[in-house]
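Read through the structure below, which is laid out as structure tokens, and then see the notes.
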Amino acid sequence: MKGLNVTQLKRLTDALMVTGQTRSPFYADIQRGTMVRPVKIGPRAAAWPAHEIESIVQARIAGASETELRKLVDKLHAQRKEGLQ
């Protein structure tokens, strides 16, 4: 693993609080590709990397379009995979 990068993981309630969304719109954004997918942290548990959620919130504040948000989400997912190498 290249350089260890420690990040916080946010469970659903915390992720909803940060984004200001409720559950249904949050999961709809994941389906549309405008929110990152969760990572499994256990057999029945998932969470979201805090820095990824923060990046998306900042992009929304800056007025990013849906297309730009999708590109950002794709980039964040790719960075997850790069971290494994």
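Within each chain, counting starts at residue 1; across the structure tokens, chains are named A, B, ... in the order shown, with ligands numbered 1 upward in that order.
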As an MDAnalysis selection string, please: every residue in chain A that a backbone DSSP assignment puts in strand (DSSP E). chainID A and resid 9:10 39:42 45:49
Which residues, written as a VMD selection string, have at least one atom at most 8 Å from range 29-41 of chain A, with only C-alpha atoms counted and residues fewer than 2 positions away on the same chain left out? chain A and resid 25 to 27 43 to 49 52 to 53 56 66 69 to 70 73 76 to 77
Expressed in Å, the length from CA of Asp14 in chain A to CA of Ala50 in chain A is 9.3 Å
Any chance you could list, as an mmCIF file with C-alpha atoms, in the first residue's frame, the residues in range 21-78 of chain A that come up helix (DSSP H, G or I) when DSSP is run on the backbone?
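Final output, saved to selection.cif:
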```
data_model
loop_
_atom_site.group_PDB
_atom_site.id
_atom_site.type_symbol
_atom_site.label_atom_id
_atom_site.label_comp_id
_atom_site.auth_asym_id
_atom_site.auth_seq_id
_atom_site.Cartn_x
_atom_site.Cartn_y
_atom_site.Cartn_z
ATOM 1 C CA ARG A 23 -32.391 8.761 3.311
ATOM 2 C CA SER A 24 -34.376 8.456 0.049
ATOM 3 C CA PRO A 25 -32.754 11.368 -1.828
ATOM 4 C CA PHE A 26 -29.334 10.279 -0.560
ATOM 5 C CA TYR A 27 -29.740 6.771 -1.976
ATOM 6 C CA ALA A 28 -31.284 8.201 -5.162
ATOM 7 C CA ASP A 29 -28.096 10.240 -5.623
ATOM 8 C CA ILE A 30 -26.031 7.059 -5.274
ATOM 9 C CA GLN A 31 -28.174 5.421 -7.982
ATOM 10 C CA ARG A 32 -27.739 8.488 -10.251
ATOM 11 C CA ALA A 50 -15.648 11.524 5.150
ATOM 12 C CA HIS A 51 -13.323 13.241 2.674
ATOM 13 C CA GLU A 52 -15.371 11.935 -0.281
ATOM 14 C CA ILE A 53 -18.633 13.252 1.134
ATOM 15 C CA GLU A 54 -16.963 16.577 1.900
ATOM 16 C CA SER A 55 -15.655 16.828 -1.699
ATOM 17 C CA ILE A 56 -19.157 16.305 -3.056
ATOM 18 C CA VAL A 57 -20.692 18.839 -0.657
ATOM 19 C CA GLN A 58 -18.055 21.413 -1.651
ATOM 20 C CA ALA A 59 -18.731 20.758 -5.350
ATOM 21 C CA ARG A 60 -22.461 21.275 -4.785
ATOM 22 C CA ILE A 61 -21.797 24.526 -2.924
ATOM 23 C CA GLU A 66 -24.994 16.786 -12.321
ATOM 24 C CA THR A 67 -22.486 15.831 -15.023
ATOM 25 C CA GLU A 68 -19.639 17.402 -13.038
ATOM 26 C CA LEU A 69 -20.774 15.590 -9.892
ATOM 27 C CA ARG A 70 -20.766 12.264 -11.762
ATOM 28 C CA LYS A 71 -17.215 12.918 -12.961
ATOM 29 C CA LEU A 72 -16.162 13.742 -9.406
ATOM 30 C CA VAL A 73 -17.767 10.565 -8.063
ATOM 31 C CA ASP A 74 -16.032 8.496 -10.763
ATOM 32 C CA LYS A 75 -12.715 10.118 -9.819
ATOM 33 C CA LEU A 76 -13.267 9.398 -6.108
ATOM 34 C CA HIS A 77 -14.122 5.754 -6.830
ATOM 35 C CA ALA A 78 -10.976 5.451 -8.980
#
```
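The space between CA of Gly42 in chain A and CA of Lys10 in chain A spans 13.7 Å.
Atom pair CA of Gln79 in chain A / CA of Thr7 in chain A: separated by 13.3 Å.
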